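Below you'll find the structure, written out as structure tokens, and then a few comments.
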Amino acid sequence: MSGGVLSLDRNGMRVRLIVMVAISVLLSVVAAGAIALAAFDRAIEPEMNNRVRLIGSTVRSEIQRALELGIPLEQIGGLDAYLARTLDDFGEVDRISVLGAGADPIASDARDGAATGISDAGGADAETIAFRATRFELPIIEGNALVGTILVETNTRFVRTRLRQVLIDVVVIVLVALVVAMEIALAIAMSSIEKPLERIMHLLRDQVAGRFAIRTRPGGLGGLGRTVARFNDHVEDLTERMAALPARARERSSSLKQYVIAEDRPTRLRLSKISDIRIALFLFSVSTETAVAFLPIYARAAARPDWLSAEVAAALPLMVYLVATACLAPFAGPMARRFGARRIFLASVAPSAVALLAMGFVDNLIVISLFRGLMAISYATATIACQTYAIRAAEEANSTRPFGTFMAVIYGGVFCGSALGGLVAGRFGYQNAFIFGATMAVLSGIAGLLAMHGQAGDRDAVHHASEVPRQRTRLPMSFFALLAGVAIPTNATTAVFVWYMTPLMLASAGFGPAEIARVVMLYYLAAVVFGPLVSHLSDRGPGPMTMLIAGALLSAGAMASLSFWNDLWGMTSAICALGIGHTLIRAPQYAVAAKAAGEQGRGLDYLRFIERAGALAGLGIAALTFGSAGADRAALAMAFIVFSGIVFFAGAQLVSRPETASRGG
């Protein structure tokens, strides 16, 4: 079986696996949701009616108490205000009216359509459940005479909006479950099918060529596992027979060039695949991003010095995070190459878990920011270690695939982390969200320990003490144009709009952590959905340059749209468009940077540092000017910066091409 056929079969297997997992999860959730909705219909109406009747009885008892004191029903003071407070306290009630003996109105209050917190759109949504509006009449009796009546009407919008919130949470959980299920399914398929098959092909080629010096770890489903065991038996049997021969016979056999047999013990084959990092990186990304949807709100509410404004307080943990990652970015790559990607990743897990736990149990802004910085250091070392592993495990040089896989996995984790973190924080409190993140960090360390055992996780041989240092060449101008025109604007818009502006603007509009997380997660969902397609198009379609230009133009358009459409749906649309635009940019920009720099490690170290520095600069400017400039001007300014950057980069590329051609000639 050739490598091309194997690659084709592998890609087809991945597509079929993803489709099967998606269909299975969707059908399961839809079936469970339908059953739950039917049960909800049957259970909610009598419970709702009993509660509304109880509220009416409470109001009647207060009025009866006034009548017992000798106050006539028509002269009870503050009755309108009391009914209004009752409506505010109990969303289940739509209208309360107090009528006299002749059905003449004495006091009444009703809520408007927006009182439930979410506007009632009517239409199909109004038929979500079969709950009907009900009116209760409770008599008011003074002595033995009927002196009035209380009318209480149920609020059907209350039930529909609460159900709508639950359904939205279910949709979020479905999306998270899909991403998690696909990551787990792909990891299981890679470890039990793809890697055993590649080990078999490697041993088969060796043994056909007469080389019996390598064995591999057992494993694989069904026949694959038995085949691996058989090939290993061949090597071990010949090694034992060779060891049993006299010394002169072994020397004579070793001199034969036709066969190669291990003299002592077979060498263990350690294949490295990009899929080795999937589960570990995914879980680590989930852990570190559980607070991304609510961190500005959490930081703004923490205790802080009097001289620190609320806007700066909200951005301070993010700024510390970016400072830490920017300072460490030039060193994390060399550390991973010197000490090994696997060691660096495993060493990053414990500090990240400790920092997450500490952030949930302190209430001081400075301490929260310091622990956020510690987590940033761990995040930088862990993710760069995984990226180094993926680059070394890639089969094609200067391919977008390792960067695309890295981005898809990490943004899949960010998507799940932001969604689940916001959901846990909204339902169970901020502290439990941080505990959840710390748990995910520990699980990521276990996954990395079990999966990242290939040669790509070892230290780089060029860092051996006896190795002569490589001569460094000057980086081309096109590389610096990429940094200034693409990397800086892209990361600045992410930090300013996704991490800072969106949570604050939605919080000021009355939305909680769960609702904010639903909007923010759409940015990361775009990378999960479109990331593999972008990698394919960048390698075999229009190319990375086209992807970069299209992504920058789409990002600029998304930012510009906020200047005239900045309500909830406008921000949601801008988040989706920005996510797609940045997905078109991120993996291709890494491939272009690696190709332009000539040295992957050195070029990517520069790129990582500039990304963090650009995000930090943008966030700092936004924190200082957001209150005075406003969202409209900030969005237009970001759109102009993104558009100007891509024009500058495209112009630099056109200028550098003739120079490159003349040097090649």
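Ligands are numbered from 1 in the order shown, chains are lettered A, B, ... in the order of the structure tokens, and residues start at 1 in each chain.
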Could you pull the residues within 6 Å of Ala376 (chain A), counting only C-alpha atoms, minus those fewer than 4 positions along the same chain, as a PDB file with C-alpha atoms, in the first residue's frame?
```pdb
ATOM      1  CA  TYR A 321      -1.520  37.688  30.669  1.00  0.00           C
ATOM      2  CA  ALA A 324       3.770  37.297  30.435  1.00  0.00           C
ATOM      3  CA  THR A 325       3.165  35.471  27.151  1.00  0.00           C
TER       4      THR A 325
END
```
Near region 95-103 of chain A, within 7 Å and counting only C-alpha atoms, which residues show up once chain neighbours fewer than 6 positions away are dropped, as a ChimeraX atom specification? /A:83,109-111,146-153
Considering only helix (DSSP H, G or I) as DSSP defines it on the backbone, what residues of region 255-299 of chain A qualify? List them as an mmCIF file with C-alpha atoms, in the first residue's frame.
```
data_model
loop_
_atom_site.group_PDB
_atom_site.id
_atom_site.type_symbol
_atom_site.label_atom_id
_atom_site.label_comp_id
_atom_site.auth_asym_id
_atom_site.auth_seq_id
_atom_site.Cartn_x
_atom_site.Cartn_y
_atom_site.Cartn_z
ATOM 1 C CA SER A 255 29.339 -9.216 7.948
ATOM 2 C CA ILE A 274 0.408 15.334 14.948
ATOM 3 C CA SER A 275 -2.531 13.513 16.529
ATOM 4 C CA ASP A 276 -0.367 12.774 19.602
ATOM 5 C CA ILE A 277 -1.022 16.263 20.944
ATOM 6 C CA ARG A 278 -4.781 16.422 20.265
ATOM 7 C CA ILE A 279 -6.306 15.359 23.572
ATOM 8 C CA ALA A 280 -3.605 16.895 25.790
ATOM 9 C CA LEU A 281 -3.682 20.256 24.018
ATOM 10 C CA PHE A 282 -7.479 20.238 23.801
ATOM 11 C CA LEU A 283 -7.962 19.659 27.533
ATOM 12 C CA PHE A 284 -5.270 22.188 28.441
ATOM 13 C CA SER A 285 -6.913 24.797 26.237
ATOM 14 C CA VAL A 286 -10.278 24.054 27.858
ATOM 15 C CA SER A 287 -8.754 24.587 31.293
ATOM 16 C CA THR A 288 -7.028 27.889 30.606
ATOM 17 C CA LEU A 295 -12.834 37.481 33.383
ATOM 18 C CA PRO A 296 -13.257 41.256 32.724
ATOM 19 C CA ILE A 297 -16.456 41.246 34.805
ATOM 20 C CA TYR A 298 -14.859 39.142 37.539
ATOM 21 C CA ALA A 299 -11.818 41.423 37.672
#
```
Can you tell me, as a VMD selection string, what residues are no more than 12 Å from region 528-541 of chain A when counting only C-alpha atoms, ignoring any on the same chain fewer than 5 positions away? chain A and resid 11 14 to 15 18 175 to 176 178 to 180 182 to 183 282 396 to 416 521 to 523 546 to 548 550 to 551 576 to 577 579 to 592
Taking the DSSP assignment computed from this structure's backbone, write out as a PyMOL selection string all residues of region 247-378 of chain A that belong to strand (DSSP E). chain A and resi 260-261+267-269
Å distance separating CA of Val93 (chain A) from CA of Thr156 (chain A), one decimal place: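 Between CA of Val93 (chain A) and CA of Thr156 (chain A) the gap works out to 8.6 Å.
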Write out as JSON, numbers by chain each polymer residue whose atoms come within 12 Å of Ser61 (chain A), counting only C-alpha atoms; drop sequence neighbours fewer than 2 positions from it. {"A": [54, 55, 56, 57, 58, 59, 63, 64, 65, 66, 67, 68, 138, 139, 140, 141, 142, 150]}
